[in-house]
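See below for entry32.csv, which holds CSV, C-alpha atoms.
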chain,number,residue,atom,x,y,z
J,1,MET,CA,99.7,-33.3,-54.3
J,2,ASP,CA,96.5,-35.0,-53.2
J,3,LEU,CA,94.1,-32.8,-55.2
J,4,GLU,CA,91.1,-34.7,-53.9
J,5,ALA,CA,92.1,-33.9,-50.4
J,6,VAL,CA,92.7,-30.2,-51.3
J,7,ALA,CA,89.2,-30.0,-52.9
J,8,LYS,CA,87.6,-31.7,-49.9
J,9,GLY,CA,89.3,-29.3,-47.5
J,10,GLY,CA,87.8,-26.4,-49.3
J,11,SER,CA,88.2,-22.7,-48.7
J,12,SER,CA,87.2,-20.6,-45.7
J,13,LEU,CA,86.5,-17.6,-47.9
J,14,SER,CA,83.3,-15.8,-47.0
J,15,PHE,CA,81.8,-12.3,-47.7
J,16,GLN,CA,79.6,-9.9,-45.9
J,17,LYS,CA,76.6,-8.8,-47.9
J,18,ALA,CA,77.2,-6.3,-50.7
J,19,GLU,CA,75.5,-3.5,-48.7
J,20,ALA,CA,78.2,-3.8,-46.0
J,21,GLY,CA,81.0,-2.6,-48.4
J,22,PRO,CA,83.3,-3.8,-51.1
J,23,GLN,CA,83.7,-7.6,-51.3
J,24,VAL,CA,86.3,-8.0,-54.1
J,25,LEU,CA,89.3,-6.0,-55.2
J,26,ILE,CA,90.3,-6.3,-58.9
J,27,MET,CA,93.8,-5.0,-59.6
J,28,HIS,CA,96.7,-5.5,-61.9
J,29,THR,CA,100.4,-5.8,-60.8
J,30,HIS,CA,101.3,-5.6,-64.5
J,31,GLY,CA,98.8,-3.1,-65.7
J,32,THR,CA,100.6,-2.2,-69.0
J,33,GLU,CA,100.2,-5.7,-70.3
J,34,SER,CA,98.4,-5.6,-73.7
J,35,TYR,CA,97.3,-7.8,-76.6
J,36,ALA,CA,98.1,-8.2,-80.3
J,37,ARG,CA,98.0,-5.1,-82.3
J,38,ASP,CA,96.0,-5.1,-85.6
J,39,GLY,CA,94.1,-2.7,-87.7
J,40,THR,CA,91.2,-2.4,-85.2
J,41,GLU,CA,93.5,-2.1,-82.1
J,42,PRO,CA,96.3,0.3,-83.2
J,43,TYR,CA,97.6,1.3,-79.8
J,44,THR,CA,101.0,2.9,-79.2
J,45,GLU,CA,103.4,0.5,-77.5
J,46,THR,CA,105.4,1.6,-74.4
J,47,GLY,CA,107.2,-1.8,-74.4
J,48,VAL,CA,106.9,-5.2,-76.1
J,49,ALA,CA,103.1,-6.0,-76.0
J,50,ARG,CA,102.7,-3.3,-73.4
J,51,THR,CA,101.0,0.1,-73.4
J,52,THR,CA,99.9,2.7,-70.9
J,53,ASP,CA,96.7,3.2,-72.8
J,54,THR,CA,94.1,1.8,-70.5
J,55,SER,CA,91.6,1.4,-73.4
J,56,TYR,CA,93.9,-1.3,-74.8
J,57,ASN,CA,95.8,-2.9,-71.9
J,58,ILE,CA,94.8,-5.3,-69.2
J,59,ILE,CA,93.0,-2.5,-67.3
J,60,ARG,CA,90.3,-2.7,-70.0
J,61,VAL,CA,89.9,-6.4,-69.2
J,62,GLY,CA,89.6,-5.6,-65.5
J,63,ASP,CA,86.9,-3.1,-66.4
J,64,GLU,CA,84.9,-5.9,-68.1
J,65,ILE,CA,85.3,-8.3,-65.2
J,66,ALA,CA,84.2,-5.6,-62.7
J,67,ARG,CA,81.2,-4.8,-64.9
J,68,ILE,CA,80.0,-8.4,-64.9
J,69,PHE,CA,80.6,-8.9,-61.2
J,70,GLU,CA,78.6,-5.8,-60.4
J,71,GLU,CA,75.9,-6.8,-62.8
J,72,MET,CA,75.6,-10.1,-60.9
J,73,GLY,CA,75.4,-8.4,-57.5
J,74,LEU,CA,79.0,-8.3,-56.1
J,75,ASN,CA,80.4,-5.1,-54.6
J,76,VAL,CA,83.7,-4.5,-56.4
J,77,ILE,CA,86.6,-2.0,-56.4
J,78,HIS,CA,88.7,-1.9,-59.5
J,79,ASP,CA,92.1,-0.5,-58.9
J,80,ARG,CA,93.3,0.9,-62.3
J,81,GLU,CA,96.8,1.9,-61.1
J,82,LEU,CA,99.7,1.0,-63.4
J,83,TYR,CA,102.0,-0.6,-60.8
J,84,ASP,CA,104.5,-1.7,-63.4
J,85,TYR,CA,105.2,1.7,-64.9
J,86,PRO,CA,107.7,3.2,-65.2
J,87,SER,CA,109.5,0.6,-63.2
J,88,TYR,CA,108.6,-3.0,-64.0
J,89,ASN,CA,110.9,-4.6,-61.4
J,90,ASP,CA,109.2,-3.0,-58.4
J,91,ALA,CA,105.7,-3.9,-59.5
J,92,TYR,CA,104.8,-6.5,-56.9
J,93,ASP,CA,106.2,-4.4,-54.0
J,94,LYS,CA,104.1,-1.4,-55.2
J,95,ALA,CA,101.1,-3.6,-55.8
J,96,ARG,CA,101.3,-5.0,-52.3
J,97,ALA,CA,101.3,-1.5,-50.8
J,98,GLY,CA,98.3,-0.6,-53.0
J,99,ILE,CA,96.4,-3.8,-51.9
J,100,GLU,CA,97.2,-3.1,-48.2
J,101,ALA,CA,95.9,0.4,-48.5
J,102,HIS,CA,92.6,-0.9,-50.0
J,103,LEU,CA,92.3,-3.5,-47.3
J,104,ALA,CA,92.8,-0.9,-44.5
J,105,GLN,CA,90.2,1.4,-46.0
J,106,TYR,CA,87.7,-1.4,-46.8
J,107,PRO,CA,88.0,-4.3,-44.3
J,108,THR,CA,85.0,-6.0,-46.0
J,109,ILE,CA,87.3,-6.9,-49.0
J,110,GLN,CA,88.0,-10.6,-48.7
J,111,MET,CA,89.2,-11.4,-52.2
J,112,VAL,CA,91.9,-9.9,-54.5
J,113,LEU,CA,91.9,-10.8,-58.2
J,114,ASP,CA,95.2,-9.8,-59.8
J,115,VAL,CA,94.4,-9.9,-63.5
J,116,HIS,CA,97.1,-10.4,-66.1
J,117,ARG,CA,97.6,-11.8,-69.6
J,118,ASP,CA,100.0,-14.6,-70.4
J,119,ALA,CA,103.0,-14.6,-72.8
J,120,LEU,CA,103.3,-17.9,-74.8
J,121,VAL,CA,106.3,-18.0,-77.1
J,122,GLY,CA,107.9,-21.1,-78.7
J,123,THR,CA,111.6,-21.7,-78.8
J,124,ASP,CA,111.6,-20.6,-82.4
J,125,GLY,CA,109.9,-17.3,-81.5
J,126,THR,CA,106.4,-18.3,-82.6
J,127,VAL,CA,103.8,-16.5,-80.6
J,128,TYR,CA,100.9,-18.7,-79.5
J,129,LYS,CA,97.5,-17.7,-78.3
J,130,PRO,CA,95.1,-19.8,-76.1
J,131,VAL,CA,91.8,-19.4,-77.9
J,132,LEU,CA,88.6,-21.4,-78.7
J,133,GLN,CA,85.2,-20.9,-80.2
J,134,ILE,CA,82.3,-20.5,-77.8
J,135,ASP,CA,78.9,-19.9,-79.4
J,136,GLY,CA,80.7,-18.8,-82.6
J,137,VAL,CA,82.8,-16.2,-80.8
J,138,LYS,CA,86.6,-16.4,-80.6
J,139,THR,CA,87.3,-16.5,-76.9
J,140,ALA,CA,90.6,-16.3,-75.1
J,141,GLN,CA,91.2,-19.1,-72.6
J,142,VAL,CA,91.7,-18.2,-68.9
J,143,MET,CA,94.2,-19.6,-66.5
J,144,LEU,CA,94.2,-19.4,-62.7
J,145,LEU,CA,97.6,-19.1,-60.9
J,146,VAL,CA,98.1,-20.0,-57.3
J,147,GLY,CA,101.1,-19.1,-55.2
J,148,THR,CA,102.6,-21.3,-52.5
J,149,ASP,CA,105.1,-21.2,-49.6
J,150,ASP,CA,107.6,-23.4,-51.5
J,151,ALA,CA,110.1,-20.6,-51.8
J,152,GLY,CA,110.2,-20.3,-48.0
J,153,ALA,CA,107.8,-17.3,-47.4
J,154,SER,CA,105.0,-17.8,-44.9
J,155,PHE,CA,101.7,-18.7,-46.7
J,156,PRO,CA,100.2,-21.4,-44.5
J,157,ASP,CA,96.7,-21.4,-46.1
J,158,TRP,CA,97.7,-21.5,-49.8
J,159,GLY,CA,95.9,-24.8,-50.1
J,160,GLU,CA,92.6,-23.0,-49.5
J,161,HIS,CA,93.4,-20.7,-52.4
J,162,LEU,CA,94.0,-23.7,-54.6
J,163,ALA,CA,90.7,-25.2,-53.5
J,164,LEU,CA,88.9,-22.0,-54.5
J,165,ALA,CA,90.7,-21.9,-57.8
J,166,MET,CA,89.7,-25.5,-58.5
J,167,GLN,CA,86.1,-24.7,-57.8
J,168,ILE,CA,86.1,-21.7,-60.1
J,169,GLN,CA,87.9,-23.7,-62.8
J,170,GLN,CA,85.3,-26.5,-62.5
J,171,GLN,CA,82.5,-23.9,-62.9
J,172,MET,CA,84.2,-22.4,-66.0
J,173,ASN,CA,84.6,-25.7,-67.7
J,174,SER,CA,81.1,-26.9,-66.6
J,175,LEU,CA,79.5,-23.9,-68.3
J,176,TRP,CA,81.9,-23.5,-71.2
J,177,PRO,CA,84.1,-26.6,-71.7
J,178,GLY,CA,87.7,-25.7,-72.6
J,179,LEU,CA,87.5,-22.1,-71.3
J,180,ALA,CA,89.9,-22.8,-68.4
J,181,ARG,CA,93.4,-23.8,-68.9
J,182,PRO,CA,95.1,-26.0,-66.3
J,183,ILE,CA,95.8,-24.3,-62.9
J,184,THR,CA,99.4,-23.3,-62.4
J,185,LEU,CA,101.2,-23.5,-59.1
J,186,ARG,CA,104.2,-21.3,-58.4
J,187,THR,CA,106.8,-21.2,-55.6
J,188,ALA,CA,106.2,-17.5,-54.8
J,189,ARG,CA,103.2,-15.9,-53.1
J,190,PHE,CA,102.4,-13.1,-55.5
J,191,ASN,CA,100.8,-11.1,-52.6
J,192,GLN,CA,98.1,-13.8,-52.3
J,193,GLN,CA,98.8,-14.2,-48.6
J,194,LEU,CA,97.0,-10.9,-47.9
J,195,THR,CA,93.5,-12.2,-48.0
J,196,LYS,CA,91.7,-15.6,-47.8
J,197,GLY,CA,90.7,-15.6,-51.5
J,198,SER,CA,93.4,-14.0,-53.6
J,199,LEU,CA,94.1,-15.5,-57.1
J,200,LEU,CA,96.1,-14.4,-60.1
J,201,VAL,CA,94.1,-14.6,-63.3
J,202,GLU,CA,95.7,-14.9,-66.8
J,203,VAL,CA,93.2,-13.8,-69.5
J,204,GLY,CA,94.6,-15.0,-72.8
J,205,GLY,CA,98.1,-14.2,-73.9
J,206,HIS,CA,99.8,-11.5,-75.9
J,207,GLY,CA,99.0,-13.3,-79.1
J,208,ASN,CA,95.3,-12.9,-78.5
J,209,SER,CA,93.3,-9.9,-79.7
J,210,LEU,CA,91.7,-7.6,-77.1
J,211,GLU,CA,88.3,-8.7,-78.3
J,212,GLU,CA,89.2,-12.4,-77.7
J,213,ALA,CA,90.4,-11.4,-74.2
J,214,LEU,CA,87.2,-9.5,-73.4
J,215,ALA,CA,85.1,-12.4,-74.5
J,216,GLY,CA,87.1,-14.7,-72.1
J,217,ALA,CA,87.0,-12.2,-69.3
J,218,ARG,CA,83.2,-12.0,-69.5
J,219,LEU,CA,82.8,-15.8,-69.3
J,220,PHE,CA,85.3,-16.1,-66.5
J,221,ALA,CA,83.6,-13.3,-64.5
J,222,ARG,CA,80.2,-15.0,-64.8
J,223,SER,CA,81.7,-18.3,-63.7
J,224,ALA,CA,83.6,-16.8,-60.8
J,225,ALA,CA,80.7,-14.7,-59.6
J,226,LYS,CA,78.5,-17.8,-59.4
J,227,VAL,CA,81.0,-19.3,-57.0
J,228,LEU,CA,81.6,-16.2,-55.0
J,229,LEU,CA,78.0,-15.4,-54.5
J,230,GLU,CA,77.5,-18.7,-52.8
J,231,ARG,CA,79.9,-17.5,-50.1
J,232,VAL,CA,78.0,-14.3,-49.2
J,233,ALA,CA,76.5,-14.5,-45.7
J,234,GLN,CA,72.7,-15.0,-45.6
Give the structure from the file, written as structure tokens.
Amino acid sequence: MDLEAVAKGGSSLSFQKAEAGPQVLIMHTHGTESYARDGTEPYTETGVARTTDTSYNIIRVGDEIARIFEEMGLNVIHDRELYDYPSYNDAYDKARAGIEAHLAQYPTIQMVLDVHRDALVGTDGTVYKPVLQIDGVKTAQVMLLVGTDDAGASFPDWGEHLALAMQIQQQMNSLWPGLARPITLRTARFNQQLTKGSLLVEVGGHGNSLEEALAGARLFARSAAKVLLERVAQ
């Protein structure tokens, strides 16, 4: 890909003012995804590195992102539904129906952030965690994932989503070098075709602690909010 051309093409994402209604939807296709258990985070597993306890799973990370977004002036809805429970295989179909319902109710929503955590396991079974120290705090790295039309499904403007991801990644690493992992492209759409600004966000991995993930989520949210607020109509 000609990434320079993608970046130059940019994204057409824009928002109405916060007073007009919700601008961003935060949701979780795999809401039961959780982090490493230790003495301070002794949640009950409902699967491998999964729990329905929203105080310890990825929903808690979404709460933190929503809090920072709102603190910085964005109007946010956080959908805390567990779309992957009890059936994991139907998660993306159920999540799509949920997203479409929110978009129908709130047409001011122009961006959907599907927040996950990664799973990094070596061939020998070693669990890895993407982490770095920022201002003395152990912080989970964050990865943006962009879907494409490579599998044949219609997604003509996926390059705009990639351009937006590149801008947010640049902002993250400008403010906190090393916070952002390389952007990942996939052949499927991951429901990103539903709006102009949808992205999948991987906050850490299942080897990270929840506290490391929350630290990464806060810095991601501050970085992303700075980019998104530039797109609010004056």
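Distance check against Asp63 (chain J) using only C-alpha atoms: of J:Ala49, J:Arg218, J:Tyr35, J:Glu100, the minimum falls on J:Arg218.
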Query - Polymer residues at most 8 Å from His161 (chain J), only C-alpha atoms, same-chain spacing of 2 or more positions, as a ChimeraX atom specification - result: /J:11,146,157-159,163-165,196-199
Please produce a file of those selected residues containing C-alpha atoms, as a PDB file, in the frame of the given file.
ATOM      1  CA  SER J  11      88.200 -22.700 -48.700  1.00  0.00           C
ATOM      2  CA  VAL J 146      98.100 -20.000 -57.300  1.00  0.00           C
ATOM      3  CA  ASP J 157      96.700 -21.400 -46.100  1.00  0.00           C
ATOM      4  CA  TRP J 158      97.700 -21.500 -49.800  1.00  0.00           C
ATOM      5  CA  GLY J 159      95.900 -24.800 -50.100  1.00  0.00           C
ATOM      6  CA  ALA J 163      90.700 -25.200 -53.500  1.00  0.00           C
ATOM      7  CA  LEU J 164      88.900 -22.000 -54.500  1.00  0.00           C
ATOM      8  CA  ALA J 165      90.700 -21.900 -57.800  1.00  0.00           C
ATOM      9  CA  LYS J 196      91.700 -15.600 -47.800  1.00  0.00           C
ATOM     10  CA  GLY J 197      90.700 -15.600 -51.500  1.00  0.00           C
ATOM     11  CA  SER J 198      93.400 -14.000 -53.600  1.00  0.00           C
ATOM     12  CA  LEU J 199      94.100 -15.500 -57.100  1.00  0.00           C
TER      13      LEU J 199
END
Query - Residue with smallest distance to Arg189 (chain J) - pool J:Val137, J:Ala153, J:Val201, J:Ile68, counting only C-alpha atoms - result: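 Counting only C-alpha atoms, the residue closest to Arg189 (chain J) is J:Ala153.
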Requested in this report: Give as a list of chain:residue names every residue, naming chains and numbers as the document does, that has an atom within 10 Å of (97.6, -1.1, -59.8), counting all atoms listed in the file.
Outcome: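 Looking at atoms near the point gives J:Ile26, J:Met27, J:His28, J:Thr29, J:His30, J:Gly31, J:Thr32, J:Ile59, J:His78, J:Asp79, J:Arg80, J:Glu81, J:Leu82, J:Tyr83, J:Asp84, J:Tyr85, J:Ala91, J:Tyr92, J:Lys94, J:Ala95, J:Arg96, J:Ala97, J:Gly98, J:Ile99, J:Asp114.
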Find the spatial neighbours of region 70-75 of chain J, counting all atoms listed in the file, within a cut-off of 10 Å - ignore same-chain residues fewer than 2 positions away - and output them as a PDB file with C-alpha atoms, keeping the file's coordinate frame.
ATOM      1  CA  PHE J  15      81.800 -12.300 -47.700  1.00  0.00           C
ATOM      2  CA  GLN J  16      79.600  -9.900 -45.900  1.00  0.00           C
ATOM      3  CA  LYS J  17      76.600  -8.800 -47.900  1.00  0.00           C
ATOM      4  CA  ALA J  18      77.200  -6.300 -50.700  1.00  0.00           C
ATOM      5  CA  GLU J  19      75.500  -3.500 -48.700  1.00  0.00           C
ATOM      6  CA  ALA J  20      78.200  -3.800 -46.000  1.00  0.00           C
ATOM      7  CA  GLY J  21      81.000  -2.600 -48.400  1.00  0.00           C
ATOM      8  CA  PRO J  22      83.300  -3.800 -51.100  1.00  0.00           C
ATOM      9  CA  GLN J  23      83.700  -7.600 -51.300  1.00  0.00           C
ATOM     10  CA  VAL J  24      86.300  -8.000 -54.100  1.00  0.00           C
ATOM     11  CA  LEU J  25      89.300  -6.000 -55.200  1.00  0.00           C
ATOM     12  CA  GLU J  64      84.900  -5.900 -68.100  1.00  0.00           C
ATOM     13  CA  ILE J  65      85.300  -8.300 -65.200  1.00  0.00           C
ATOM     14  CA  ALA J  66      84.200  -5.600 -62.700  1.00  0.00           C
ATOM     15  CA  ARG J  67      81.200  -4.800 -64.900  1.00  0.00           C
ATOM     16  CA  ILE J  68      80.000  -8.400 -64.900  1.00  0.00           C
ATOM     17  CA  ILE J  77      86.600  -2.000 -56.400  1.00  0.00           C
ATOM     18  CA  THR J 108      85.000  -6.000 -46.000  1.00  0.00           C
ATOM     19  CA  ILE J 109      87.300  -6.900 -49.000  1.00  0.00           C
ATOM     20  CA  ALA J 221      83.600 -13.300 -64.500  1.00  0.00           C
ATOM     21  CA  ARG J 222      80.200 -15.000 -64.800  1.00  0.00           C
ATOM     22  CA  ALA J 225      80.700 -14.700 -59.600  1.00  0.00           C
ATOM     23  CA  LYS J 226      78.500 -17.800 -59.400  1.00  0.00           C
ATOM     24  CA  LEU J 228      81.600 -16.200 -55.000  1.00  0.00           C
ATOM     25  CA  LEU J 229      78.000 -15.400 -54.500  1.00  0.00           C
ATOM     26  CA  VAL J 232      78.000 -14.300 -49.200  1.00  0.00           C
TER      27      VAL J 232
END
I want to know what sits within 6 Å of Pro130 (chain J), based on only C-alpha atoms, with residues of the same chain fewer than 5 positions away left out; could you give that as an mmCIF file with C-alpha atoms, in the coordinates of the input?
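Below is the file around26.cif, written as the result:
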data_model
loop_
_atom_site.group_PDB
_atom_site.id
_atom_site.type_symbol
_atom_site.label_atom_id
_atom_site.label_comp_id
_atom_site.auth_asym_id
_atom_site.auth_seq_id
_atom_site.Cartn_x
_atom_site.Cartn_y
_atom_site.Cartn_z
ATOM 1 C CA ALA J 140 90.600 -16.300 -75.100
ATOM 2 C CA GLN J 141 91.200 -19.100 -72.600
ATOM 3 C CA GLY J 204 94.600 -15.000 -72.800
#
Requested in this report: Could you give me, as a PyMOL selection string, the residues within 10 Å of Ala188 (chain J), counting only C-alpha atoms and dropping anything in the same chain fewer than 5 positions from it?
Outcome: chain J and resi 146-155
Requested in this report: State, in Å with one decimal place, the distance from CA of Ala36 (chain J) to CA of Leu175 (chain J).
Outcome: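 Going from CA of Ala36 (chain J) over to CA of Leu175 (chain J), I get 27.1 Å.
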**Report entry** Pairwise distance for CA of Leu214 (chain J) and CA of Val48 (chain J), rounded to one decimal in Å
**Finding:**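 Going from CA of Leu214 (chain J) over to CA of Val48 (chain J), I get 20.3 Å.
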Query - Using all atoms listed in the file: which of J:Val127, J:Leu113, J:Ile134, J:Leu120 has the shortest distance to Ala224 (chain J) - result: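 The answer is J:Leu113, which sits nearest to Ala224 (chain J).
Nearest to Ala101 (chain J) of all the residues J:Asp124, J:Arg181, J:Thr52, J:Leu194 is J:Leu194, counting all atoms listed in the file.
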Can you tell me, as a JSON list (two decimals) with C-alpha atoms, keeping the file's coordinate frame, what residues are no more than 12 Å from Asp2 (chain J) when counting all atoms listed in the file, ignoring any on the same chain fewer than 2 positions away?
[["chain", "number", "residue", "atom", "x", "y", "z"],
["J", 4, "GLU", "CA", 91.10, -34.70, -53.90],
["J", 5, "ALA", "CA", 92.10, -33.90, -50.40],
["J", 6, "VAL", "CA", 92.70, -30.20, -51.30],
["J", 7, "ALA", "CA", 89.20, -30.00, -52.90],
["J", 8, "LYS", "CA", 87.60, -31.70, -49.90],
["J", 9, "GLY", "CA", 89.30, -29.30, -47.50],
["J", 159, "GLY", "CA", 95.90, -24.80, -50.10],
["J", 162, "LEU", "CA", 94.00, -23.70, -54.60],
["J", 163, "ALA", "CA", 90.70, -25.20, -53.50]]
Query - Atomic separation - CA of Val121 (chain J) relative to CA of Leu185 (chain J), Å - result: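 Distance between the two atoms: 19.5 Å.
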Query raised in the report: What would the list of residues within 10 Å of (92.8, -1.0, -72.6) (file frame) look like as a list in words, if only C-alpha atoms are what count?
Result: Gly31, Thr32, Glu33, Ser34, Tyr35, Glu41, Tyr43, Thr51, Thr52, Asp53, Thr54, Ser55, Tyr56, Asn57, Ile58, Ile59, Arg60, Val61, Gly62, Asp63 and Leu210 of chain J
Some atoms are absent from region 21-50 of chain J, so rebuild N, CA and C atoms and return them as a PDB file, keeping the file's coordinate frame.
ATOM      1  N   GLY J  21      79.754  -3.244 -47.811  1.00  0.00           N
ATOM      2  CA  GLY J  21      81.000  -2.600 -48.400  1.00  0.00           C
ATOM      3  C   GLY J  21      81.551  -3.496 -49.464  1.00  0.00           C
ATOM      4  N   PRO J  22      82.652  -3.046 -50.056  1.00  0.00           N
ATOM      5  CA  PRO J  22      83.300  -3.800 -51.100  1.00  0.00           C
ATOM      6  C   PRO J  22      83.669  -5.209 -50.697  1.00  0.00           C
ATOM      7  N   GLN J  23      83.426  -6.172 -51.572  1.00  0.00           N
ATOM      8  CA  GLN J  23      83.700  -7.600 -51.300  1.00  0.00           C
ATOM      9  C   GLN J  23      84.994  -8.039 -52.026  1.00  0.00           C
ATOM     10  N   VAL J  24      85.189  -7.539 -53.242  1.00  0.00           N
ATOM     11  CA  VAL J  24      86.300  -8.000 -54.100  1.00  0.00           C
ATOM     12  C   VAL J  24      87.068  -6.799 -54.619  1.00  0.00           C
ATOM     13  N   LEU J  25      88.392  -6.948 -54.599  1.00  0.00           N
ATOM     14  CA  LEU J  25      89.300  -6.000 -55.200  1.00  0.00           C
ATOM     15  C   LEU J  25      89.865  -6.582 -56.473  1.00  0.00           C
ATOM     16  N   ILE J  26      89.684  -5.904 -57.594  1.00  0.00           N
ATOM     17  CA  ILE J  26      90.300  -6.300 -58.900  1.00  0.00           C
ATOM     18  C   ILE J  26      91.472  -5.312 -59.093  1.00  0.00           C
ATOM     19  N   MET J  27      92.661  -5.842 -59.355  1.00  0.00           N
ATOM     20  CA  MET J  27      93.800  -5.000 -59.600  1.00  0.00           C
ATOM     21  C   MET J  27      94.741  -5.657 -60.581  1.00  0.00           C
ATOM     22  N   HIS J  28      95.840  -4.967 -60.906  1.00  0.00           N
ATOM     23  CA  HIS J  28      96.700  -5.500 -61.900  1.00  0.00           C
ATOM     24  C   HIS J  28      98.182  -5.116 -61.560  1.00  0.00           C
ATOM     25  N   THR J  29      98.949  -6.098 -61.118  1.00  0.00           N
ATOM     26  CA  THR J  29     100.400  -5.800 -60.800  1.00  0.00           C
ATOM     27  C   THR J  29     101.078  -5.374 -62.075  1.00  0.00           C
ATOM     28  N   HIS J  30     100.739  -5.964 -63.216  1.00  0.00           N
ATOM     29  CA  HIS J  30     101.300  -5.600 -64.500  1.00  0.00           C
ATOM     30  C   HIS J  30     100.283  -4.934 -65.395  1.00  0.00           C
ATOM     31  N   GLY J  31      99.896  -3.738 -65.029  1.00  0.00           N
ATOM     32  CA  GLY J  31      98.800  -3.100 -65.700  1.00  0.00           C
ATOM     33  C   GLY J  31      99.026  -2.701 -67.146  1.00  0.00           C
ATOM     34  N   THR J  32     100.296  -2.602 -67.570  1.00  0.00           N
ATOM     35  CA  THR J  32     100.600  -2.200 -69.000  1.00  0.00           C
ATOM     36  C   THR J  32     100.499  -3.375 -69.930  1.00  0.00           C
ATOM     37  N   GLU J  33     100.311  -4.594 -69.444  1.00  0.00           N
ATOM     38  CA  GLU J  33     100.200  -5.700 -70.300  1.00  0.00           C
ATOM     39  C   GLU J  33      99.121  -5.549 -71.365  1.00  0.00           C
ATOM     40  N   SER J  34      99.417  -5.830 -72.634  1.00  0.00           N
ATOM     41  CA  SER J  34      98.400  -5.600 -73.700  1.00  0.00           C
ATOM     42  C   SER J  34      98.390  -6.812 -74.623  1.00  0.00           C
ATOM     43  N   TYR J  35      97.587  -6.687 -75.664  1.00  0.00           N
ATOM     44  CA  TYR J  35      97.300  -7.800 -76.600  1.00  0.00           C
ATOM     45  C   TYR J  35      97.846  -7.478 -77.973  1.00  0.00           C
ATOM     46  N   ALA J  36      97.620  -8.395 -78.905  1.00  0.00           N
ATOM     47  CA  ALA J  36      98.100  -8.200 -80.300  1.00  0.00           C
ATOM     48  C   ALA J  36      97.563  -6.983 -80.919  1.00  0.00           C
ATOM     49  N   ARG J  37      98.414  -6.269 -81.588  1.00  0.00           N
ATOM     50  CA  ARG J  37      98.000  -5.100 -82.300  1.00  0.00           C
ATOM     51  C   ARG J  37      97.533  -5.498 -83.733  1.00  0.00           C
ATOM     52  N   ASP J  38      96.424  -4.948 -84.197  1.00  0.00           N
ATOM     53  CA  ASP J  38      96.000  -5.100 -85.600  1.00  0.00           C
ATOM     54  C   ASP J  38      95.322  -3.860 -86.050  1.00  0.00           C
ATOM     55  N   GLY J  39      94.679  -3.921 -87.172  1.00  0.00           N
ATOM     56  CA  GLY J  39      94.100  -2.700 -87.700  1.00  0.00           C
ATOM     57  C   GLY J  39      92.981  -2.114 -86.858  1.00  0.00           C
ATOM     58  N   THR J  40      92.337  -2.961 -86.028  1.00  0.00           N
ATOM     59  CA  THR J  40      91.200  -2.400 -85.200  1.00  0.00           C
ATOM     60  C   THR J  40      91.731  -2.033 -83.806  1.00  0.00           C
ATOM     61  N   GLU J  41      92.956  -2.408 -83.452  1.00  0.00           N
ATOM     62  CA  GLU J  41      93.500  -2.100 -82.100  1.00  0.00           C
ATOM     63  C   GLU J  41      94.896  -1.503 -82.258  1.00  0.00           C
ATOM     64  N   PRO J  42      95.013  -0.314 -82.882  1.00  0.00           N
ATOM     65  CA  PRO J  42      96.300   0.300 -83.200  1.00  0.00           C
ATOM     66  C   PRO J  42      96.893   1.122 -82.075  1.00  0.00           C
ATOM     67  N   TYR J  43      97.053   0.550 -80.892  1.00  0.00           N
ATOM     68  CA  TYR J  43      97.600   1.300 -79.800  1.00  0.00           C
ATOM     69  C   TYR J  43      99.057   1.590 -79.916  1.00  0.00           C
ATOM     70  N   THR J  44      99.548   2.568 -79.177  1.00  0.00           N
ATOM     71  CA  THR J  44     101.000   2.900 -79.200  1.00  0.00           C
ATOM     72  C   THR J  44     101.654   2.064 -78.073  1.00  0.00           C
ATOM     73  N   GLU J  45     102.662   1.276 -78.449  1.00  0.00           N
ATOM     74  CA  GLU J  45     103.400   0.500 -77.500  1.00  0.00           C
ATOM     75  C   GLU J  45     104.313   1.301 -76.620  1.00  0.00           C
ATOM     76  N   THR J  46     104.380   0.963 -75.328  1.00  0.00           N
ATOM     77  CA  THR J  46     105.400   1.600 -74.400  1.00  0.00           C
ATOM     78  C   THR J  46     106.351   0.475 -73.970  1.00  0.00           C
ATOM     79  N   GLY J  47     106.368  -0.643 -74.663  1.00  0.00           N
ATOM     80  CA  GLY J  47     107.200  -1.800 -74.400  1.00  0.00           C
ATOM     81  C   GLY J  47     106.685  -2.914 -75.297  1.00  0.00           C
ATOM     82  N   VAL J  48     107.335  -4.071 -75.297  1.00  0.00           N
ATOM     83  CA  VAL J  48     106.900  -5.200 -76.100  1.00  0.00           C
ATOM     84  C   VAL J  48     105.548  -5.710 -75.556  1.00  0.00           C
ATOM     85  N   ALA J  49     104.495  -5.611 -76.370  1.00  0.00           N
ATOM     86  CA  ALA J  49     103.100  -6.000 -76.000  1.00  0.00           C
ATOM     87  C   ALA J  49     102.732  -5.344 -74.665  1.00  0.00           C
ATOM     88  N   ARG J  50     103.062  -4.066 -74.568  1.00  0.00           N
ATOM     89  CA  ARG J  50     102.700  -3.300 -73.400  1.00  0.00           C
ATOM     90  C   ARG J  50     102.292  -1.871 -73.850  1.00  0.00           C
TER      91      ARG J  50
END
